[in-house]
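Content type compact mmCIF, C-alpha atoms, from the file final_10.txt:
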```txt
# COMPACT_ATOMS: atom_id res chain seq x y z
CA MET A 25 146.24 -17.28 86.65
CA ILE A 26 144.15 -18.14 83.64
CA THR A 27 141.32 -16.21 82.09
CA ILE A 28 138.82 -17.61 79.59
CA ARG A 29 136.42 -15.51 77.55
CA LYS A 30 134.33 -18.30 76.06
CA TYR A 31 134.00 -22.04 76.66
CA PHE A 32 133.19 -24.42 73.83
CA PHE A 33 132.57 -28.19 73.59
CA PRO A 34 133.13 -29.32 69.99
CA GLU A 35 131.67 -32.70 69.04
CA THR A 36 134.20 -33.63 66.38
CA ILE A 37 137.94 -33.21 66.14
CA GLU A 38 137.46 -31.26 62.87
CA GLU A 39 135.27 -28.76 64.70
CA ALA A 40 137.82 -28.55 67.52
CA TYR A 41 140.67 -27.89 65.09
CA GLU A 42 138.73 -25.27 63.18
CA THR A 43 137.91 -23.37 66.37
CA LEU A 44 141.45 -23.69 67.68
CA MET A 45 142.86 -22.18 64.50
CA GLU A 46 140.38 -19.28 64.37
CA LYS A 47 142.38 -17.18 66.82
CA LYS A 48 145.82 -17.36 68.33
CA SER A 49 144.36 -16.91 71.79
CA ASN A 50 142.08 -19.94 71.46
CA ALA A 51 143.39 -22.93 73.38
CA LEU A 52 142.64 -26.59 73.97
CA ILE A 53 141.42 -27.97 77.26
CA GLY A 54 142.12 -31.63 78.01
CA GLY A 55 141.56 -32.72 81.59
CA GLY A 56 142.22 -29.18 82.75
CA ALA A 57 144.70 -30.20 85.44
CA TYR A 58 147.75 -27.96 86.03
CA LEU A 59 146.09 -25.15 84.05
CA LYS A 60 145.80 -22.86 87.03
CA LEU A 61 149.48 -23.30 87.84
CA GLY A 62 150.31 -21.43 84.64
CA SER A 63 149.28 -18.09 83.27
CA LYS A 64 147.25 -17.70 80.10
CA ALA A 65 144.58 -15.43 78.67
CA MET A 66 142.40 -17.64 76.49
CA GLY A 67 139.90 -16.44 73.94
CA THR A 68 137.86 -19.58 73.41
CA ALA A 69 138.68 -22.63 75.50
CA VAL A 70 138.11 -25.65 73.28
CA ASP A 71 137.25 -28.59 75.55
CA LEU A 72 137.92 -31.99 73.96
CA SER A 73 135.71 -33.95 76.41
CA LYS A 74 132.95 -34.68 73.90
CA VAL A 75 135.13 -35.48 70.88
CA GLY A 76 135.38 -39.22 71.63
CA LEU A 77 139.07 -39.50 72.39
CA ASP A 78 138.72 -41.41 75.65
CA TYR A 79 139.63 -45.03 74.85
CA ILE A 80 142.26 -47.76 74.99
CA ARG A 81 142.06 -50.21 72.10
CA GLU A 82 144.14 -53.34 72.19
CA GLU A 83 145.03 -54.69 68.77
CA GLU A 84 147.11 -57.71 67.88
CA SER A 85 150.33 -55.75 67.52
CA ALA A 86 149.71 -52.51 69.40
CA PHE A 87 147.69 -50.46 71.87
CA GLU A 88 146.02 -47.28 70.68
CA ILE A 89 145.17 -44.77 73.37
CA GLY A 90 142.98 -41.74 72.78
CA ALA A 91 144.29 -38.35 73.88
CA MET A 92 141.51 -37.81 76.45
CA THR A 93 142.22 -41.06 78.26
CA THR A 94 143.05 -40.34 81.88
CA PHE A 95 146.08 -41.49 83.84
CA SER A 96 143.89 -43.63 86.11
CA THR A 97 142.50 -45.53 83.11
CA VAL A 98 146.02 -46.18 81.81
CA MET A 99 147.31 -47.14 85.24
CA LEU A 100 144.56 -49.70 85.84
CA HIS A 101 144.44 -51.16 82.31
CA GLU A 102 145.07 -54.90 82.56
CA GLY A 103 146.32 -55.34 79.00
CA LEU A 104 148.89 -52.55 79.28
CA ASN A 105 150.07 -53.76 82.67
CA LYS A 106 150.40 -57.33 81.51
CA HIS A 107 152.26 -56.52 78.33
CA PHE A 108 154.61 -53.86 79.70
CA ASP A 109 155.46 -55.38 83.12
CA ASN A 110 153.38 -52.75 84.96
CA LEU A 111 155.63 -50.04 83.50
CA PHE A 112 152.90 -47.42 83.26
CA GLN A 113 151.31 -48.38 86.55
CA ARG A 114 154.67 -47.97 88.23
CA ALA A 115 155.25 -44.60 86.54
CA ILE A 116 151.78 -43.21 87.30
CA GLU A 117 151.12 -44.74 90.72
CA ASP A 118 152.88 -42.08 92.78
CA ILE A 119 151.60 -39.03 90.93
CA VAL A 120 149.66 -37.11 93.60
CA GLY A 121 146.34 -38.92 94.25
CA MET A 122 143.66 -40.86 92.42
CA GLN A 123 141.55 -37.72 92.00
CA LEU A 124 144.25 -35.98 89.97
CA LYS A 125 144.86 -39.16 87.96
CA ASN A 126 141.14 -39.11 87.12
CA MET A 127 141.64 -35.64 85.62
CA VAL A 128 145.03 -35.71 83.89
CA THR A 129 144.86 -36.85 80.27
CA ILE A 130 147.67 -38.46 78.31
CA GLY A 131 147.15 -36.10 75.37
CA ALA A 132 147.69 -32.92 77.38
CA THR A 133 150.69 -34.45 79.15
CA ILE A 134 152.39 -35.43 75.90
CA TYR A 135 151.48 -32.27 74.01
CA SER A 136 152.70 -30.07 76.87
CA ARG A 137 155.98 -32.06 77.07
CA TYR A 138 156.13 -31.53 80.83
CA GLY A 139 159.63 -31.89 82.26
CA PHE A 140 158.37 -33.26 85.57
CA SER A 141 156.37 -36.04 83.90
CA ASP A 142 156.91 -39.65 84.97
CA PHE A 143 154.63 -40.97 82.24
CA LEU A 144 156.69 -39.50 79.40
CA THR A 145 159.86 -41.13 80.71
CA ALA A 146 158.13 -44.53 80.76
CA LEU A 147 156.56 -44.02 77.35
CA LEU A 148 159.94 -43.15 75.79
CA VAL A 149 161.33 -46.65 76.34
CA THR A 150 158.49 -48.16 74.31
CA ASN A 151 158.01 -47.95 70.56
CA THR A 152 155.42 -45.16 70.54
CA LYS A 153 154.12 -42.83 67.86
CA VAL A 154 151.79 -39.90 68.33
CA LYS A 155 149.05 -38.97 65.87
CA LEU A 156 148.53 -35.26 65.36
CA PHE A 157 145.28 -34.31 63.67
CA ASN A 158 146.94 -32.12 61.06
CA ALA A 159 150.55 -33.32 60.84
CA GLY A 160 149.83 -37.05 61.08
CA TRP A 161 152.05 -39.68 62.71
CA ILE A 162 155.39 -38.81 64.30
CA SER A 163 157.61 -40.77 66.67
CA LEU A 164 157.22 -39.82 70.32
CA ASN A 165 160.94 -39.16 70.59
CA ALA A 166 160.87 -36.70 67.68
CA PHE A 167 157.78 -35.02 69.11
CA LEU A 168 159.36 -34.59 72.53
CA GLU A 169 162.58 -33.27 70.98
CA ASN A 170 161.01 -30.79 68.57
CA GLY A 171 157.35 -30.28 69.50
CA PRO A 172 154.71 -29.78 66.83
CA GLU A 173 155.64 -27.81 63.69
CA LYS A 174 152.41 -25.83 63.89
CA ARG A 175 149.57 -25.73 66.42
CA ASP A 176 147.83 -29.05 66.25
CA ILE A 177 145.67 -31.47 68.20
CA LEU A 178 147.12 -34.67 69.58
CA GLU A 179 144.53 -37.27 68.66
CA LYS A 180 145.97 -40.54 69.94
CA ILE A 181 149.13 -42.54 70.53
CA ARG A 182 150.08 -45.99 69.31
CA ILE A 183 152.34 -48.21 71.41
CA GLU A 184 153.70 -51.21 69.54
CA LYS A 185 153.69 -54.50 71.42
CA THR A 186 157.30 -55.57 71.69
CA ASN A 187 158.61 -58.55 73.62
CA GLY A 188 160.80 -56.89 76.16
CA LEU A 189 161.38 -56.21 79.81
CA TYR A 190 160.36 -52.85 81.21
CA ARG A 191 161.38 -51.10 84.40
CA PHE A 192 160.73 -47.69 85.98
CA GLN A 193 162.71 -46.11 88.80
CA ASP A 194 162.19 -42.78 90.53
CA LEU A 195 163.39 -40.72 93.45
CA ARG A 196 160.88 -38.58 95.36
CA GLY A 197 160.95 -36.52 98.52
CA SER A 198 157.82 -38.38 99.59
CA SER A 199 155.20 -40.64 98.09
CA SER A 200 152.77 -38.64 95.92
CA ASP A 201 155.30 -35.83 95.47
CA TYR A 202 156.78 -35.14 92.02
CA SER A 203 159.96 -36.94 90.99
CA ILE A 204 163.33 -35.40 91.72
CA ILE A 205 164.69 -37.65 88.99
CA ASN A 206 163.22 -40.65 87.16
CA LEU A 207 164.48 -43.31 84.80
CA ALA A 208 162.87 -45.96 82.63
CA LEU A 209 164.55 -48.87 80.93
CA SER A 210 163.46 -51.50 78.45
CA LYS A 211 165.37 -54.45 77.08
CA GLU A 212 164.35 -56.22 73.92
CA LYS A 213 166.68 -59.10 73.01
CA ASP A 214 170.06 -57.41 73.58
CA ALA A 215 168.98 -53.84 72.86
CA TYR A 216 168.29 -51.37 75.65
CA ARG A 217 166.26 -48.18 75.67
CA ILE A 218 166.95 -45.88 78.59
CA ALA A 219 165.16 -42.61 79.29
CA VAL A 220 165.84 -40.08 82.03
CA GLY A 221 163.23 -37.52 83.07
CA ALA A 222 162.64 -34.78 85.64
CA ARG A 223 166.26 -33.74 84.94
CA PRO A 224 164.39 -31.29 85.52
CA GLY A 225 164.07 -30.91 81.75
CA ARG A 226 161.80 -33.19 79.76
CA ALA A 227 162.54 -36.89 79.39
CA LYS A 228 165.33 -37.81 77.01
CA LEU A 229 166.84 -41.02 75.69
CA ALA A 230 170.38 -41.79 76.88
CA VAL A 231 171.66 -43.00 73.51
CA LYS A 232 175.35 -43.44 74.36
CA THR A 233 174.47 -45.47 77.44
CA MET A 234 172.09 -47.59 75.37
CA ASP A 235 174.84 -48.23 72.82
CA PHE A 236 177.35 -49.12 75.50
CA LEU A 237 175.06 -51.71 77.08
CA GLN A 238 174.10 -53.31 73.77
CA GLU A 239 175.14 -56.97 73.86
CA ARG A 240 177.20 -56.45 77.04
CA GLU A 241 176.67 -58.53 80.12
CA VAL A 242 175.29 -56.81 83.19
CA THR A 243 178.33 -57.05 85.45
CA ALA A 244 179.25 -54.75 88.32
CA GLU A 245 181.96 -53.21 86.17
CA ASN A 246 179.64 -52.58 83.19
CA MET A 247 176.96 -51.09 85.43
CA GLU A 248 179.56 -48.72 86.84
CA LYS A 249 180.74 -47.74 83.36
CA ALA A 250 177.17 -47.33 82.07
CA GLY A 251 176.37 -45.08 85.03
CA ALA A 252 179.41 -42.92 84.28
CA ILE A 253 178.40 -42.58 80.61
CA LEU A 254 174.81 -41.76 81.59
CA SER A 255 175.81 -39.07 84.03
CA GLU A 256 178.01 -37.43 81.41
CA GLU A 257 175.70 -37.61 78.40
CA VAL A 258 172.45 -36.49 80.09
CA VAL A 259 172.09 -32.80 80.86
CA PHE A 260 170.96 -32.25 84.44
CA GLY A 261 169.88 -29.03 86.09
CA THR A 262 169.03 -27.51 89.44
CA ASN A 263 165.60 -26.50 90.73
CA GLY A 264 163.78 -26.43 94.08
CA ARG A 265 163.57 -30.22 94.18
CA GLY A 266 167.24 -31.00 93.75
CA SER A 267 170.61 -29.85 92.52
CA LYS A 268 172.30 -30.78 89.28
CA GLU A 269 174.97 -32.72 91.20
CA TYR A 270 172.41 -34.64 93.23
CA ARG A 271 170.43 -35.61 90.11
CA LYS A 272 173.61 -36.67 88.35
CA ALA A 273 174.61 -38.94 91.24
CA MET A 274 171.12 -40.36 91.72
CA ALA A 275 170.57 -41.09 88.01
CA LYS A 276 173.49 -43.56 88.21
CA VAL A 277 171.82 -45.28 91.16
CA LEU A 278 168.47 -45.53 89.37
CA LEU A 279 170.17 -47.02 86.30
CA LYS A 280 171.96 -49.59 88.43
CA LYS A 281 168.71 -50.56 90.17
CA ALA A 282 166.87 -50.94 86.86
CA LEU A 283 169.68 -53.03 85.35
CA GLN A 284 169.82 -55.23 88.43
CA GLU A 285 166.06 -55.79 88.29
CA VAL A 286 166.25 -56.83 84.65
CA SER A 287 169.25 -59.05 85.31
CA ILE A 288 167.54 -60.77 88.26
CA HIS A 289 164.42 -61.32 86.13
CA GLU A 290 166.46 -62.90 83.33
CA ASN A 291 168.44 -65.18 85.58
CA MET B 1105 127.58 -18.64 80.63
CA LYS B 1106 124.92 -20.98 82.00
CA ILE B 1107 125.48 -24.62 82.89
CA ASN B 1108 122.90 -27.27 83.70
CA LEU B 1109 123.92 -29.88 86.19
CA THR B 1110 122.67 -32.04 89.01
CA ILE B 1111 124.06 -31.31 92.46
CA ASN B 1112 123.37 -33.92 95.13
CA GLY B 1113 120.36 -35.17 93.19
CA LYS B 1114 118.85 -31.75 92.46
CA GLU B 1115 118.81 -30.34 88.93
CA LYS B 1116 120.17 -26.82 88.69
CA GLU B 1117 120.95 -24.11 86.20
CA ILE B 1118 123.84 -21.94 87.33
CA GLU B 1119 125.44 -18.84 85.90
CA ILE B 1120 129.22 -19.14 85.89
CA ALA B 1121 132.20 -17.40 84.35
CA PRO B 1122 134.03 -19.61 81.78
CA ASP B 1123 137.15 -19.58 83.99
CA ASP B 1124 135.40 -20.37 87.28
CA TYR B 1125 136.61 -23.44 89.10
CA LEU B 1126 134.13 -25.96 90.40
CA SER B 1127 135.14 -25.55 94.06
CA GLU B 1128 134.33 -21.83 93.97
CA VAL B 1129 130.99 -22.41 92.24
CA LEU B 1130 129.92 -25.12 94.69
CA ARG B 1131 130.86 -22.98 97.67
CA ARG B 1132 128.89 -20.08 96.17
CA GLU B 1133 125.96 -22.51 96.07
CA GLY B 1134 126.30 -22.91 99.82
CA LEU B 1135 128.07 -26.26 99.76
CA LEU B 1136 130.72 -25.34 102.30
CA GLY B 1137 131.73 -28.96 102.84
CA VAL B 1138 133.82 -28.47 99.71
CA LYS B 1139 136.90 -27.21 101.52
CA LYS B 1140 139.56 -24.90 100.19
CA GLY B 1141 143.06 -26.13 100.94
CA CYS B 1142 146.10 -25.93 98.72
CA ASP B 1143 144.09 -24.69 95.73
CA THR B 1144 146.82 -26.26 93.55
CA GLU B 1145 145.42 -29.79 93.00
CA SER B 1146 147.56 -31.43 95.64
CA CYS B 1147 145.86 -31.89 99.02
CA GLY B 1148 142.50 -33.58 98.30
CA LEU B 1149 140.42 -31.33 100.56
CA CYS B 1150 138.13 -30.25 97.72
CA THR B 1151 137.34 -33.79 96.45
CA VAL B 1152 133.87 -34.22 94.93
CA HIS B 1153 132.38 -36.81 92.58
CA LEU B 1154 131.77 -35.75 88.99
CA ASP B 1155 129.55 -38.37 87.35
CA ASP B 1156 130.65 -40.80 90.09
CA VAL B 1157 134.36 -40.15 89.54
CA ALA B 1158 136.43 -38.51 92.29
CA VAL B 1159 138.04 -35.27 91.12
CA LEU B 1160 139.69 -32.25 92.69
CA SER B 1161 137.16 -29.46 92.35
CA CYS B 1162 139.85 -26.78 92.79
CA GLY B 1163 141.42 -27.96 89.51
CA THR B 1164 138.24 -28.73 87.58
CA LEU B 1165 136.81 -25.95 85.48
CA ALA B 1166 133.14 -25.53 86.40
CA ALA B 1167 132.19 -25.55 82.71
CA LYS B 1168 133.24 -29.21 82.61
CA ALA B 1169 130.32 -30.02 84.93
CA HIS B 1170 127.75 -29.01 82.30
CA GLY B 1171 125.31 -31.91 81.84
CA LYS B 1172 126.87 -33.89 84.66
CA ALA B 1173 126.03 -34.95 88.20
CA ILE B 1174 128.02 -33.63 91.15
CA THR B 1175 128.04 -35.24 94.56
CA THR B 1176 129.52 -33.40 97.52
CA ILE B 1177 129.80 -34.39 101.17
CA GLU B 1178 126.37 -32.81 101.74
CA GLY B 1179 124.85 -35.44 99.43
CA VAL B 1180 126.19 -38.46 101.31
CA GLU B 1181 125.25 -37.54 104.85
CA LYS B 1182 124.36 -41.00 106.18
CA LYS B 1183 127.52 -42.72 104.95
CA ALA B 1184 129.62 -39.73 105.99
CA GLU B 1185 128.27 -40.03 109.52
CA LYS B 1186 129.35 -43.68 109.70
CA ILE B 1187 132.86 -42.87 108.52
CA ARG B 1188 133.08 -39.89 110.84
CA TYR B 1189 132.14 -42.18 113.73
CA GLU B 1190 134.97 -44.59 112.85
CA LEU B 1191 137.46 -41.73 112.55
CA GLY B 1192 136.27 -40.20 115.83
CA LYS B 1193 136.49 -43.50 117.68
CA ARG B 1194 140.22 -43.54 116.92
CA GLY B 1195 140.80 -39.85 117.61
CA VAL B 1196 141.84 -39.14 114.04
CA ASP B 1197 139.20 -36.51 113.21
CA GLN B 1198 140.96 -33.80 115.15
CA CYS B 1199 140.44 -30.47 113.37
CA GLY B 1200 138.15 -32.19 110.86
CA TYR B 1201 139.06 -29.92 107.99
CA CYS B 1202 140.30 -32.76 105.76
CA ALA B 1203 137.39 -35.07 106.62
CA PRO B 1204 134.97 -34.13 103.78
CA GLY B 1205 137.58 -34.74 101.08
CA THR B 1206 138.81 -37.91 102.76
CA ILE B 1207 135.27 -39.25 103.07
CA MET B 1208 134.55 -38.55 99.38
CA SER B 1209 137.67 -40.53 98.47
CA ILE B 1210 136.66 -43.43 100.73
CA LEU B 1211 133.22 -43.51 99.10
CA TYR B 1212 134.82 -43.47 95.64
CA LEU B 1213 137.04 -46.40 96.64
CA GLU B 1214 133.98 -48.25 97.96
CA LYS B 1215 132.19 -47.65 94.66
CA VAL B 1216 134.91 -48.75 92.25
CA VAL B 1217 136.85 -51.48 94.07
CA LYS B 1218 135.21 -54.67 95.22
CA ASP B 1219 136.65 -55.89 98.54
CA PRO B 1220 139.45 -53.31 98.71
CA THR B 1221 142.77 -54.39 100.21
CA GLU B 1222 145.09 -52.23 102.31
CA GLU B 1223 147.02 -51.54 99.11
CA ASP B 1224 143.84 -50.30 97.43
CA ILE B 1225 143.03 -48.06 100.40
CA ASN B 1226 146.49 -46.51 100.28
CA ARG B 1227 146.24 -46.07 96.52
CA TYR B 1228 142.86 -44.33 96.62
CA LEU B 1229 143.55 -42.24 99.70
CA LYS B 1230 147.06 -41.17 98.75
CA GLY B 1231 145.78 -37.83 97.50
CA ASN B 1232 144.14 -36.80 100.78
CA PHE B 1233 146.41 -35.04 103.24
CA CYS B 1234 145.82 -34.82 106.97
CA ARG B 1235 148.09 -32.65 109.06
CA CYS B 1236 146.67 -33.54 112.50
CA SER B 1237 146.67 -37.22 113.04
CA GLY B 1238 148.87 -39.18 110.64
CA TYR B 1239 147.43 -42.03 108.67
CA VAL B 1240 147.57 -45.22 110.73
CA GLY B 1241 144.36 -44.42 112.61
CA GLN B 1242 142.68 -43.37 109.38
CA LEU B 1243 143.62 -46.66 107.77
CA GLU B 1244 142.12 -48.60 110.69
CA ALA B 1245 138.96 -46.46 110.56
CA ILE B 1246 138.55 -47.04 106.83
CA LYS B 1247 139.04 -50.79 107.18
CA SER B 1248 136.50 -50.90 109.97
CA TYR B 1249 133.98 -48.85 107.97
CA LEU B 1250 134.37 -51.06 104.88
CA GLU B 1251 134.06 -54.20 106.98
CA GLY B 1252 130.90 -52.80 108.55
CA GLN B 1253 129.43 -52.06 105.13
CA LYS B 1254 129.96 -55.69 104.09
CA HIS B 1255 127.93 -56.89 107.05
CA GLU B 1256 125.26 -54.32 106.35
CA VAL B 1257 124.94 -55.65 102.77
CA CYS B 1258 124.74 -59.23 104.10
CA GLU B 1259 122.04 -58.34 106.61
```
As structure tokens, please, write out the structure in this file.
Amino acid sequence: MITIRKYFFPETIEEAYETLMEKKSNALIGGGAYLKLGSKAMGTAVDLSKVGLDYIREEESAFEIGAMTTFSTVMLHEGLNKHFDNLFQRAIEDIVGMQLKNMVTIGATIYSRYGFSDFLTALLVTNTKVKLFNAGWISLNAFLENGPEKRDILEKIRIEKTNGLYRFQDLRGSSSDYSIINLALSKEKDAYRIAVGARPGRAKLAVKTMDFLQEREVTAENMEKAGAILSEEVVFGTNGRGSKEYRKAMAKVLLKKALQEVSIHEN
Amino acid sequence: MKINLTINGKEKEIEIAPDDYLSEVLRREGLLGVKKGCDTESCGLCTVHLDDVAVLSCGTLAAKAHGKAITTIEGVEKKAEKIRYELGKRGVDQCGYCAPGTIMSILYLEKVVKDPTEEDINRYLKGNFCRCSGYVGQLEAIKSYLEGQKHEVCE
């Protein structure tokens, strides 16, 4: 259950930051989704809706996405879909329904570092940085690993345009349910990036698996070996959606499917 | 706190608590077509349009509606009746509890997608659960409604 004493719509990010820092109990509101699933007593709720952070800007070498941009906007963005092989569409598509995707913002998802997120797993296999209002730019991977040093506001993200192949795989109990386990993979020249999410911990890069696959051919034997490395290096856990053992076994399958898709595309 | 908003075309000033959710506020206003279901942003029963965008009112803080326009099932009576007829014709409006949310999602689809395909229908209706009838009949009803609307526009 959440309680809020006062609700405030700042018009600039400076005003939002100032209000946020006034009291420890003050908190940011993005899209507001998932709030009621937690428990929090807020002093002032600082709603970022009117700060002007709802945009996707395509530049020559990158996409910049404002923190208040919703999942539905990202999912349906032609430029993102074209450049990243529908990676984000594929990762967002099965998240509950369109109504929720119209509410969930990328900023709140990244800042909260949700373990169940499909979007974070997909984003991790791209070259992405996040811009915090106070702390400045930081790589997405470092942000997900360590979180912010101090309370801050996530202003936007920047995804570099790289020439690669991108794939997303997930396992769900049913369409629109949350992932039991998910995996994203990108391949640029001979370098792979592989991320595993809903472990059920937050998405993480599988560095040893990435190193193993570097410059190796995708053969049945190498896929088997890569799967074995992945299942050993990634930490899996048990929750209501699936057991540690099940996730471990299924992560191998998702990796194999992603590698096969990339291999078929290349050949 | 007070919020100013438009509900189904009528301007209103409403007193709310800062942590009130939109579904509760709308039901307090007598709009009982906004159904309570899961209350955890999953089932789609409470779907309304907030500035023409479909949202789950059980997960939307009412304060977010300040300065905006809300449309509920009560504000789209004529179109709702046509959809209800199509659902009824196929026997897929059994208990009817999910119908308001489903209809609001169909109308959102109609608004934002030109000539929706079956894939579009599935994509936009994925967040609306029905526990009586399954979804094949619903899909047929939606297709028939959308087809009918095309002819209506042509006429």
* If I put a ball of radius 12 Å at (156.5, -36.1, 95.8) in the file's coordinates, which residues poke into it when counting all atoms listed in the file, written as an MDAnalysis selection string? -> (chainID A and resid 117:121 140:142 194:206 222 265) or (chainID B and resid 1146:1147 1230:1231)
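Closest to chain B among A:Ile80, A:Leu111, A:Ala91, A:Met127 is A:Met127, based on all atoms listed in the file.
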If we count only C-alpha atoms and set the cut-off at 12 Å, which residues sit around Lys1254 of chain B, ignoring sequence neighbours fewer than 6 positions away in its own chain? Please answer as a tab-separated table (two decimals) with C-alpha atoms, in the coordinates of the input.
```tsv
chain	number	residue	atom	x	y	z
B	1214	GLU	CA	133.98	-48.25	97.96
B	1218	LYS	CA	135.21	-54.67	95.22
B	1219	ASP	CA	136.65	-55.89	98.54
B	1220	PRO	CA	139.45	-53.31	98.71
B	1247	LYS	CA	139.04	-50.79	107.18
B	1248	SER	CA	136.50	-50.90	109.97
```
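You will find atom CA of Thr150 of chain A at 16.0 Å from atom CA of Glu83 of chain A.
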* To do: Have a look at atom CA of Ser1209 of chain B and atom CA of Ala1121 of chain B and let me know their distance in Å, one decimal.
  =>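 Going from atom CA of Ser1209 of chain B over to atom CA of Ala1121 of chain B, I get 27.6 Å.
Closest approach to chain B among A:Gln123, A:Leu72, A:Ile53, A:Ile162 is made by A:Gln123 (distances from all atoms listed in the file).
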* To do: Residues of chain A no more than 12 Å from chain B, counting only C-alpha atoms: send them over as a VMD selection string.
  => chain A and resid 25 to 33 53 to 62 64 to 74 94 96 to 97 99 to 100 113 to 114 116 to 128 198 to 202
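Comparing B:Ala1169, B:Leu1191, B:Cys1202, B:Ile1111 by their smallest distance to Gly1137 of chain B, the closest is B:Cys1202 (using all atoms listed in the file).
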* To do: Quote the spacing between atom CA of Asp235 of chain A and atom CA of Tyr216 of chain A in Å to one decimal place.
  => 7.8 Å
* Can you work out which one of B:Ile1246, B:Leu1149, B:Leu1154, B:Val1217 has the shortest atom-to-atom distance to Lys1193 of chain B, counting all atoms listed in the file? =>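 The answer is B:Ile1246, which sits nearest to Lys1193 of chain B.
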* Structure fact -> Residue with the minimum atom-to-atom distance to Thr243 of chain A, picked from A:Asn263, A:Ser163, A:Gln284, A:Thr93 with all atoms listed in the file counted, is A:Gln284
* To do: Determine, counting all atoms listed in the file, which protein, DNA and RNA residues have an atom within 12 Å of an atom of Leu156 of chain A; residues of the same chain fewer than 4 positions away are not included. Present the result as JSON, numbers by chain.
  => {"A": [37, 41, 90, 91, 131, 134, 135, 160, 161, 162, 163, 164, 167, 171, 172, 173, 174, 175, 176, 177, 178, 179, 180, 181, 182]}
Print the selection's residues with C-alpha atoms to a file, as a PDB file, keeping the file's coordinate frame.
```
ATOM      1  CA  ILE A  37     137.940 -33.210  66.140  1.00  0.00           C
ATOM      2  CA  TYR A  41     140.670 -27.890  65.090  1.00  0.00           C
ATOM      3  CA  GLY A  90     142.980 -41.740  72.780  1.00  0.00           C
ATOM      4  CA  ALA A  91     144.290 -38.350  73.880  1.00  0.00           C
ATOM      5  CA  GLY A 131     147.150 -36.100  75.370  1.00  0.00           C
ATOM      6  CA  ILE A 134     152.390 -35.430  75.900  1.00  0.00           C
ATOM      7  CA  TYR A 135     151.480 -32.270  74.010  1.00  0.00           C
ATOM      8  CA  GLY A 160     149.830 -37.050  61.080  1.00  0.00           C
ATOM      9  CA  TRP A 161     152.050 -39.680  62.710  1.00  0.00           C
ATOM     10  CA  ILE A 162     155.390 -38.810  64.300  1.00  0.00           C
ATOM     11  CA  SER A 163     157.610 -40.770  66.670  1.00  0.00           C
ATOM     12  CA  LEU A 164     157.220 -39.820  70.320  1.00  0.00           C
ATOM     13  CA  PHE A 167     157.780 -35.020  69.110  1.00  0.00           C
ATOM     14  CA  GLY A 171     157.350 -30.280  69.500  1.00  0.00           C
ATOM     15  CA  PRO A 172     154.710 -29.780  66.830  1.00  0.00           C
ATOM     16  CA  GLU A 173     155.640 -27.810  63.690  1.00  0.00           C
ATOM     17  CA  LYS A 174     152.410 -25.830  63.890  1.00  0.00           C
ATOM     18  CA  ARG A 175     149.570 -25.730  66.420  1.00  0.00           C
ATOM     19  CA  ASP A 176     147.830 -29.050  66.250  1.00  0.00           C
ATOM     20  CA  ILE A 177     145.670 -31.470  68.200  1.00  0.00           C
ATOM     21  CA  LEU A 178     147.120 -34.670  69.580  1.00  0.00           C
ATOM     22  CA  GLU A 179     144.530 -37.270  68.660  1.00  0.00           C
ATOM     23  CA  LYS A 180     145.970 -40.540  69.940  1.00  0.00           C
ATOM     24  CA  ILE A 181     149.130 -42.540  70.530  1.00  0.00           C
ATOM     25  CA  ARG A 182     150.080 -45.990  69.310  1.00  0.00           C
TER      26      ARG A 182
END
```
* To do: Identify which of the residues B:Arg1194, B:Tyr1189, B:Tyr1201, B:Asp1224 lies closest to Glu1244 of chain B, counting only C-alpha atoms when measuring atom-to-atom distances.
  => B:Arg1194
* Selection: 12 Å around Gln1198 of chain B, only C-alpha atoms, excl. self and same-chain fewer than 6 positions, as a list in words ->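 Listing them by chain and then by number gives Arg1188, Leu1191, Gly1192, Cys1234, Arg1235, Cys1236, Ser1237, Gly1238, Gly1241 and Gln1242 of chain B.
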Completed segment 230-237 of chain A (N, CA and C atoms) as a PDB file, in the frame of the given file:
```pdb
ATOM      1  N   ALA A 230     168.926 -41.814  76.623  1.00  0.00           N
ATOM      2  CA  ALA A 230     170.380 -41.790  76.880  1.00  0.00           C
ATOM      3  C   ALA A 230     171.025 -42.699  75.845  1.00  0.00           C
ATOM      4  N   VAL A 231     171.247 -42.175  74.657  1.00  0.00           N
ATOM      5  CA  VAL A 231     171.660 -43.000  73.510  1.00  0.00           C
ATOM      6  C   VAL A 231     173.030 -43.641  73.690  1.00  0.00           C
ATOM      7  N   LYS A 232     173.988 -42.880  74.197  1.00  0.00           N
ATOM      8  CA  LYS A 232     175.350 -43.440  74.360  1.00  0.00           C
ATOM      9  C   LYS A 232     175.345 -44.585  75.375  1.00  0.00           C
ATOM     10  N   THR A 233     174.564 -44.407  76.420  1.00  0.00           N
ATOM     11  CA  THR A 233     174.470 -45.470  77.440  1.00  0.00           C
ATOM     12  C   THR A 233     173.809 -46.705  76.845  1.00  0.00           C
ATOM     13  N   MET A 234     172.778 -46.470  76.041  1.00  0.00           N
ATOM     14  CA  MET A 234     172.090 -47.590  75.370  1.00  0.00           C
ATOM     15  C   MET A 234     173.067 -48.350  74.476  1.00  0.00           C
ATOM     16  N   ASP A 235     173.863 -47.596  73.714  1.00  0.00           N
ATOM     17  CA  ASP A 235     174.840 -48.230  72.820  1.00  0.00           C
ATOM     18  C   ASP A 235     175.890 -49.022  73.598  1.00  0.00           C
ATOM     19  N   PHE A 236     176.338 -48.443  74.696  1.00  0.00           N
ATOM     20  CA  PHE A 236     177.350 -49.120  75.500  1.00  0.00           C
ATOM     21  C   PHE A 236     176.846 -50.472  76.017  1.00  0.00           C
ATOM     22  N   LEU A 237     175.590 -50.485  76.461  1.00  0.00           N
ATOM     23  CA  LEU A 237     175.060 -51.710  77.080  1.00  0.00           C
ATOM     24  C   LEU A 237     174.676 -52.795  76.081  1.00  0.00           C
TER      25      LEU A 237
END
```
